[in-house]
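S.K.: Input run-v2.txt, format and content: compact mmCIF, C-alpha atoms and all ligand atoms.
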```
# COMPACT_ATOMS: atom_id res chain seq x y z
CA VAL A 1264 42.38 -23.23 36.68
CA TYR A 1265 43.12 -25.79 39.40
CA ILE A 1266 39.78 -25.22 41.13
CA LYS A 1267 37.88 -25.33 37.85
CA GLU A 1268 39.48 -28.64 36.84
CA LEU A 1269 38.96 -30.06 40.29
CA ARG A 1270 35.26 -29.31 40.08
CA GLY A 1271 34.99 -30.56 36.54
CA THR A 1272 33.88 -27.14 35.35
CA ASN A 1273 36.09 -27.25 32.28
CA LEU A 1274 34.42 -30.46 31.08
CA LEU A 1275 31.03 -28.94 31.77
CA GLU A 1276 31.89 -25.79 29.82
CA GLU A 1277 33.10 -27.91 26.92
CA ARG A 1278 29.89 -29.92 26.89
CA LEU A 1279 27.71 -26.83 27.00
CA LYS A 1280 29.79 -25.19 24.27
CA ASN A 1281 29.28 -28.18 22.00
CA TYR A 1282 25.55 -28.05 22.60
CA LEU A 1283 24.93 -24.29 22.47
CA GLY A 1284 27.55 -23.39 19.87
CA VAL A 1285 29.04 -20.50 21.89
CA GLU A 1286 31.98 -20.13 24.28
CA VAL A 1287 30.66 -20.94 27.78
CA HIS A 1288 32.02 -19.93 31.19
CA VAL A 1289 30.53 -21.51 34.30
CA VAL A 1290 31.01 -19.74 37.63
CA PRO A 1291 30.79 -21.91 40.79
CA SER A 1292 27.56 -21.05 42.64
CA GLY A 1293 28.57 -21.69 46.25
CA LEU A 1294 26.04 -22.37 48.98
CA ASN A 1295 24.62 -18.91 49.50
CA GLN A 1296 22.38 -17.68 46.68
CA ASN A 1297 23.25 -14.01 47.19
CA LEU A 1298 26.96 -14.69 47.26
CA GLY A 1299 26.50 -16.77 44.11
CA ARG A 1300 24.95 -13.78 42.34
CA GLU A 1301 27.86 -11.61 43.42
CA GLU A 1302 30.36 -14.21 42.18
CA LEU A 1303 28.67 -14.34 38.78
CA GLY A 1304 28.78 -10.54 38.61
CA ARG A 1305 32.40 -10.41 39.69
CA PHE A 1306 33.52 -13.05 37.20
CA ALA A 1307 31.61 -11.41 34.35
CA ALA A 1308 32.98 -7.96 35.25
CA ASP A 1309 36.60 -9.23 35.29
CA PHE A 1310 36.04 -11.17 32.09
CA LEU A 1311 34.67 -8.09 30.34
CA LYS A 1312 37.60 -5.99 31.45
CA GLY A 1313 39.84 -8.49 29.67
CA LEU A 1314 37.74 -8.27 26.53
CA ILE A 1315 37.54 -4.50 26.28
CA THR A 1316 40.12 -2.39 24.54
CA SER A 1317 40.40 1.37 24.73
CA GLY A 1318 38.05 3.10 22.32
CA ASP A 1319 35.42 0.34 22.38
CA ILE A 1320 31.71 1.11 22.34
CA ILE A 1321 29.90 -1.12 24.85
CA ALA A 1322 26.14 -1.60 24.64
CA VAL A 1323 24.36 -2.87 27.77
CA THR A 1324 20.89 -4.04 28.72
CA GLY A 1325 19.28 -3.59 32.12
CA GLY A 1326 18.29 -6.19 34.73
CA THR A 1327 19.44 -7.36 38.14
CA THR A 1328 22.21 -9.53 36.66
CA LEU A 1329 23.79 -6.72 34.64
CA SER A 1330 23.38 -4.41 37.60
CA GLU A 1331 25.50 -6.83 39.65
CA VAL A 1332 28.12 -6.91 36.89
CA ALA A 1333 28.37 -3.10 36.98
CA GLU A 1334 28.50 -3.15 40.78
CA MET A 1335 31.29 -5.72 40.87
CA MET A 1336 33.41 -4.06 38.21
CA THR A 1337 36.63 -2.75 39.71
CA PRO A 1338 37.90 0.61 38.47
CA ALA A 1339 40.41 0.36 35.63
CA SER A 1340 43.89 1.29 36.86
CA GLU A 1341 44.52 3.27 33.69
CA GLY A 1342 41.36 4.82 32.23
CA CYS A 1343 40.52 2.90 29.08
CA GLN A 1344 38.23 5.40 27.34
CA VAL A 1345 35.19 3.32 26.57
CA THR A 1346 31.85 4.63 25.39
CA THR A 1347 28.83 2.92 26.92
CA VAL A 1348 25.32 3.02 25.58
CA PRO A 1349 22.00 1.38 26.54
CA ALA A 1350 21.01 -1.26 23.99
CA ARG A 1351 17.27 -0.57 24.23
CA GLY A 1352 14.77 1.73 25.88
CA GLY A 1353 13.78 1.31 29.52
CA LEU A 1354 11.24 -1.03 31.06
CA GLY A 1355 10.12 1.52 33.62
CA GLU A 1356 11.65 -0.53 36.45
CA GLY A 1357 13.73 0.62 39.41
CA VAL A 1358 16.48 3.02 38.43
CA GLU A 1359 19.20 0.72 39.84
CA ILE A 1360 18.53 -1.94 37.22
CA GLN A 1361 17.91 0.27 34.21
CA ALA A 1362 20.29 0.05 31.26
CA ASN A 1363 21.00 3.79 31.58
CA THR A 1364 22.27 3.37 35.15
CA ILE A 1365 24.36 0.33 34.24
CA ALA A 1366 25.89 2.14 31.25
CA ALA A 1367 26.81 5.12 33.45
CA LYS A 1368 28.29 2.96 36.20
CA ILE A 1369 30.49 0.94 33.84
CA ALA A 1370 31.78 4.05 32.04
CA ASN A 1371 32.56 5.75 35.34
CA LYS A 1372 34.48 2.72 36.59
CA LEU A 1373 36.44 2.05 33.42
CA GLY A 1374 37.04 5.66 32.56
CA GLY A 1375 34.97 6.77 29.63
CA ASP A 1376 31.77 8.42 28.50
CA TYR A 1377 28.24 7.15 28.81
CA ASN A 1378 25.16 7.90 26.78
CA LEU A 1379 21.62 7.76 28.06
CA LEU A 1380 18.50 6.74 26.18
CA HIS A 1381 15.50 8.57 27.57
CA THR A 1382 12.76 6.48 26.00
CA PRO A 1383 10.62 3.66 27.32
CA ASP A 1384 10.23 0.35 25.47
CA ASN A 1385 6.80 -0.68 24.28
CA LEU A 1386 5.73 2.49 22.47
CA LYS A 1387 3.41 2.61 19.48
CA GLN A 1388 5.26 2.02 16.21
CA GLU A 1389 4.34 5.51 14.95
CA THR A 1390 5.77 7.10 18.12
CA ILE A 1391 8.99 5.12 17.63
CA SER A 1392 9.26 6.26 14.00
CA THR A 1393 9.07 9.89 15.17
CA LEU A 1394 11.42 9.40 18.13
CA ILE A 1395 14.24 7.80 16.17
CA LYS A 1396 14.47 10.91 14.02
CA GLU A 1397 15.12 13.10 17.08
CA PRO A 1398 18.83 14.07 16.85
CA SER A 1399 19.60 13.37 20.53
CA ILE A 1400 18.04 9.90 20.31
CA LYS A 1401 19.39 9.16 16.85
CA LYS A 1402 22.93 9.86 18.08
CA VAL A 1403 22.62 7.24 20.85
CA LEU A 1404 20.98 4.67 18.57
CA ASP A 1405 23.69 5.09 15.95
CA LEU A 1406 26.31 4.47 18.63
CA ALA A 1407 24.51 1.32 19.84
CA LYS A 1408 24.46 -0.01 16.27
CA ARG A 1409 28.24 0.52 16.05
CA ALA A 1410 28.88 -1.26 19.37
CA ASP A 1411 31.98 -3.47 19.59
CA ILE A 1412 30.66 -5.37 22.60
CA LEU A 1413 27.11 -6.04 23.79
CA ILE A 1414 26.43 -7.44 27.25
CA HIS A 1415 22.90 -8.58 27.94
CA GLY A 1416 20.83 -10.55 30.42
CA ILE A 1417 18.39 -13.38 29.80
CA GLY A 1418 15.08 -13.83 31.58
CA THR A 1419 12.31 -16.39 31.67
CA ALA A 1420 9.49 -15.41 29.32
CA GLU A 1421 6.77 -15.18 31.95
CA VAL A 1422 8.79 -13.20 34.50
CA MET A 1423 9.96 -10.74 31.86
CA ALA A 1424 6.50 -10.36 30.32
CA ARG A 1425 5.17 -9.43 33.76
CA ARG A 1426 8.07 -7.07 34.42
CA ARG A 1427 7.42 -5.45 31.06
CA GLY A 1428 3.81 -4.87 32.11
CA MET A 1429 2.29 -7.16 29.50
CA PRO A 1430 -1.48 -7.68 29.88
CA LEU A 1431 -2.45 -11.05 31.39
CA ASP A 1432 -4.22 -12.32 28.27
CA LYS A 1433 -1.10 -11.57 26.20
CA ILE A 1434 1.05 -13.44 28.74
CA GLU A 1435 -1.27 -16.45 28.45
CA GLU A 1436 -1.02 -16.24 24.65
CA LEU A 1437 2.77 -16.17 24.86
CA LYS A 1438 2.72 -19.26 27.07
CA THR A 1439 0.41 -21.06 24.65
CA GLN A 1440 2.82 -20.21 21.86
CA GLY A 1441 5.54 -21.93 23.89
CA ALA A 1442 7.64 -18.89 24.86
CA VAL A 1443 10.11 -19.82 27.60
CA GLY A 1444 12.95 -17.30 27.28
CA GLU A 1445 13.37 -13.58 26.77
CA THR A 1446 16.22 -11.33 25.91
CA PHE A 1447 15.98 -7.60 25.26
CA GLY A 1448 12.34 -7.78 24.28
CA TYR A 1449 12.41 -10.94 22.12
CA TYR A 1450 10.51 -14.01 23.31
CA PHE A 1451 11.81 -17.46 22.29
CA THR A 1452 10.39 -20.96 22.33
CA GLN A 1453 12.49 -23.84 23.65
CA SER A 1454 13.78 -24.50 20.14
CA GLY A 1455 14.81 -20.87 19.68
CA GLU A 1456 11.94 -19.66 17.52
CA ILE A 1457 10.92 -16.03 18.13
CA VAL A 1458 7.21 -15.80 18.86
CA TYR A 1459 6.95 -12.16 19.92
CA SER A 1460 9.03 -9.01 20.23
CA THR A 1461 8.26 -5.77 22.03
CA THR A 1462 8.62 -2.56 20.08
CA SER A 1463 11.73 -0.61 20.98
CA VAL A 1464 13.91 2.17 19.67
CA GLY A 1465 17.04 0.14 20.42
CA LEU A 1466 19.05 -2.69 18.91
CA LYS A 1467 17.27 -5.38 16.95
CA LEU A 1468 18.33 -9.01 17.09
CA SER A 1469 19.52 -8.69 13.49
CA ASP A 1470 21.98 -5.95 14.61
CA LEU A 1471 23.79 -8.45 16.85
CA THR A 1472 25.58 -10.16 13.98
CA LYS A 1473 27.58 -6.96 13.35
CA ILE A 1474 28.82 -6.69 16.94
CA ARG A 1475 32.33 -8.09 17.58
CA GLN A 1476 31.50 -9.79 20.89
CA VAL A 1477 27.99 -10.45 22.19
CA VAL A 1478 28.13 -11.66 25.78
CA ALA A 1479 25.04 -13.08 27.53
CA ILE A 1480 25.07 -13.37 31.32
CA ALA A 1481 22.51 -15.26 33.41
CA GLY A 1482 22.31 -17.18 36.66
CA GLY A 1483 19.99 -19.56 38.51
CA ARG A 1484 18.46 -22.93 37.74
CA SER A 1485 15.12 -21.27 36.94
CA LYS A 1486 16.72 -19.66 33.89
CA ALA A 1487 18.00 -22.91 32.32
CA LYS A 1488 15.20 -23.25 29.76
CA ALA A 1489 15.35 -19.54 28.96
CA ILE A 1490 19.10 -19.72 28.33
CA VAL A 1491 18.79 -22.67 25.95
CA ALA A 1492 15.94 -20.88 24.17
CA ALA A 1493 17.64 -17.50 23.76
CA VAL A 1494 21.28 -18.43 23.15
CA SER A 1495 22.51 -19.44 19.72
CA GLU A 1496 25.72 -19.11 17.78
CA LYS A 1497 23.76 -16.91 15.38
CA TYR A 1498 23.58 -14.10 17.93
CA GLN A 1499 25.89 -14.65 20.89
CA ASP A 1500 29.62 -15.33 21.06
CA ILE A 1501 30.04 -15.90 24.79
CA LEU A 1502 27.75 -17.12 27.57
CA ILE A 1503 28.57 -16.62 31.26
CA ILE A 1504 26.37 -18.58 33.67
CA ASP A 1505 26.51 -19.93 37.19
CA GLU A 1506 26.78 -23.59 38.12
CA GLU A 1507 23.08 -23.81 39.00
CA ALA A 1508 22.03 -22.67 35.53
CA ALA A 1509 24.57 -25.07 34.02
CA LYS A 1510 23.15 -28.01 35.99
CA GLY A 1511 19.65 -27.05 34.86
CA ILE A 1512 20.77 -26.94 31.23
CA LEU A 1513 22.39 -30.39 31.54
CA GLU A 1514 19.02 -31.79 32.58
CA LEU A 1515 17.53 -30.47 29.34
CA ILE A 1516 20.11 -31.79 26.90
C1 LIG A 1601 16.35 -6.91 30.95
C2 LIG A 1601 16.98 -7.22 29.65
O1 LIG A 1601 16.63 -5.62 31.33
O2 LIG A 1601 16.84 -7.84 31.91
C3 LIG A 1601 16.62 -8.61 29.23
O3 LIG A 1601 16.56 -6.31 28.64
C4 LIG A 1601 16.84 -9.65 30.30
O4 LIG A 1601 17.44 -8.93 28.14
C5 LIG A 1601 16.45 -9.17 31.68
O5 LIG A 1601 16.07 -10.79 30.01
C6 LIG A 1601 17.02 -10.06 32.76
O6 LIG A 1601 16.79 -9.52 34.02
P1 LIG A 1601 17.39 -10.11 35.35
O7 LIG A 1601 16.89 -9.17 36.40
O8 LIG A 1601 16.84 -11.48 35.49
O9 LIG A 1601 18.86 -10.07 35.20
```
Write the structure described by the file as structure tokens, please.
Ligand code: BG6
M.R.:
Amino acid sequence: VYIKELRGTNLLEERLKNYLGVEVHVVPSGLNQNLGREELGRFAADFLKGLITSGDIIAVTGGTTLSEVAEMMTPASEGCQVTTVPARGGLGEGVEIQANTIAAKIANKLGGDYNLLHTPDNLKQETISTLIKEPSIKKVLDLAKRADILIHGIGTAEVMARRRGMPLDKIEELKTQGAVGETFGYYFTQSGEIVYSTTSVGLKLSDLTKIRQVVAIAGGRSKAKAIVAAVSEKYQDILIIDEEAAKGILELI
């Protein structure tokens, strides 16, 4: 608390909370970018451990940020029997940053069971309609819908569109429509309007309102616009960011 007050972080968090409408935690970035990423992951992991109670269902997205959270999570001294589940299908990226891997890692550290979702995002709607009737997939999706806690990353629209393999003309169209932020397949303009969403078997934005605690985690100044675009009291309860992202947001408000 002393360090936070000394650095004025509490005031900053209060200001951001008033603007974004959600509880905000700002993690000091430090001088080294890599160490800063680790610190964000460590803080978020500890914070989540305090939020979770035994028996909770935890839905997770993929991404490098969430992967760091899973990495930094320390094993629970007494197993707390959580159930983890990926929030959406995969992006086809490296296995280390897939939601499946993150779900497994967190369950193994906390002591619980994980579920895997073996479907990619971005399928044709008719394929999705067939897939969600498959018992093994339906079971995982039903669990995700009953999640008590969702932890998700936020990305800039262009970076995520590229990572999701979107064709160049579609990326240009998104930019023209003003998309600046992305979170689990939804693309937002600076004022929070959704201009596009990728098809997925997983959670929809409308499902988020039923989840007890929705926690967004993001770091880096380059994500400031994306964070403002994607975060709202309508969907998230808590936002964990680093100091760099916080400074970037202050320049926008
Ligand atoms: C994806 C999530 O896996 O990771 C998105 O589905 C998020 O919600 C993205 O925008 C963020 O990735 P990173 O690597 O910047 O943490």
S.K.: Pick the closest to Gly1441 of chain A from A:Thr1461, A:Phe1306, A:Leu1386, A:Ala1492: which is it, counting all atoms listed in the file?
M.R.: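 Answer, going by the shortest atom-to-atom distance: A:Ala1492.
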S.K.: So how many Å separate atom CA of Gln1440 of chain A and atom CA of Val1458 of chain A, to one decimal?
M.R.: 6.9 Å
S.K.: List the neighbours of segment 1509-1514 of chain A out to 9 Å using all atoms listed in the file; skip same-chain residues closer than 5 positions along the sequence, and give me the result as a list in words.
M.R.: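 In the requested format, the answer is Leu1275, Glu1276, Arg1278, Leu1279, Val1289, Gly1482, Gly1483, Arg1484, Ser1485, Lys1486, Ala1487, Lys1488, Ile1490, Val1491 and Ile1504 of chain A.
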S.K.: So which one's closest to ligand LIG 1601 (chain A), A:Phe1310, A:Phe1451, A:Tyr1282, A:Tyr1377? Using all atoms listed in the file, please.
M.R.: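 Checking each of A:Phe1310, A:Phe1451, A:Tyr1282, A:Tyr1377 against ligand LIG 1601 (chain A), counting all atoms listed in the file, the winner is A:Phe1451.
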S.K.: Hey, can you check how far atom CA of Leu1379 of chain A sits from atom CA of Lys1408 of chain A?
M.R.: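 Atom CA of Lys1408 of chain A lies 14.4 Å from atom CA of Leu1379 of chain A.
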S.K.: Pick from A:Leu1468, A:Ala1370, A:Ile1434, A:Ile1360: nearest to Ser1317 of chain A, with only C-alpha atoms counted?
M.R.: A:Ala1370
S.K.: At a cut-off of 9 Å around ligand LIG 1601 (chain A), and using all atoms listed in the file, what residues come up? Please write them as a ChimeraX atom specification.
M.R.: /A:1323-1331,1350-1354,1356,1360-1362,1415-1420,1422-1423,1426,1444-1449,1479-1482,1486,1489
S.K.: Can you work out the spacing between atom CA of Asn1385 of chain A and atom CA of Leu1471 of chain A in Å, to one decimal?
M.R.: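 About the pair atom CA of Asn1385 of chain A and atom CA of Leu1471 of chain A: they are 20.1 Å apart.
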S.K.: Dump as a PyMOL selection string all residues having an atom at most 12 Å from (25.1, -24.4, 43.0), computed in the file's coordinates with only C-alpha atoms.
M.R.: chain A and resi 1270+1272+1289-1300+1302-1303+1482-1484+1504-1511
S.K.: Rank A:Thr1439, A:Asn1371, A:Gln1388, A:Thr1346 by their smallest atom-to-atom distance to Val1403 of chain A, using only C-alpha atoms, and report the top residue only.
M.R.: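 Of A:Thr1439, A:Asn1371, A:Gln1388, A:Thr1346, the one nearest Val1403 of chain A, counting only C-alpha atoms, is A:Thr1346.
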S.K.: Would you please work out which residue, of A:Leu1274, A:Leu1515, A:Val1348, A:Ile1321, is nearest to Gln1453 of chain A when using only C-alpha atoms?
M.R.: A:Leu1515
S.K.: So, with all atoms listed in the file as the atoms that count, which of A:Ile1365, A:Ala1424, A:Leu1311, A:Val1478 lies closest to Leu1502 of chain A?
M.R.: A:Val1478
S.K.: Give me the residues within 8 Å of Asp1411 of chain A as JSON, numbers by chain, counting only C-alpha atoms and dropping any in the same chain fewer than 2 places off.
M.R.: {"A": [1319, 1320, 1321, 1322, 1409, 1413, 1474, 1475, 1476]}
S.K.: Skipping near chain neighbours, those fewer than 5 positions away, what residues fall within 8 Å of Gly1375 of chain A using all atoms listed in the file, listed as number ranges by chain?
M.R.: A: 1342-1347, 1370
S.K.: Write out as AutoDock Vina command-line options an axis-aligned box for segment 1453-1457 of chain A: all of its atoms listed in the file, 5 Å added on each side, centre and edge lengths in Å with one decimal.
M.R.:
```
--center_x 12.9 --center_y -20.3 --center_z 20.6 --size_x 13.9 --size_y 18.5 --size_z 16.1
```
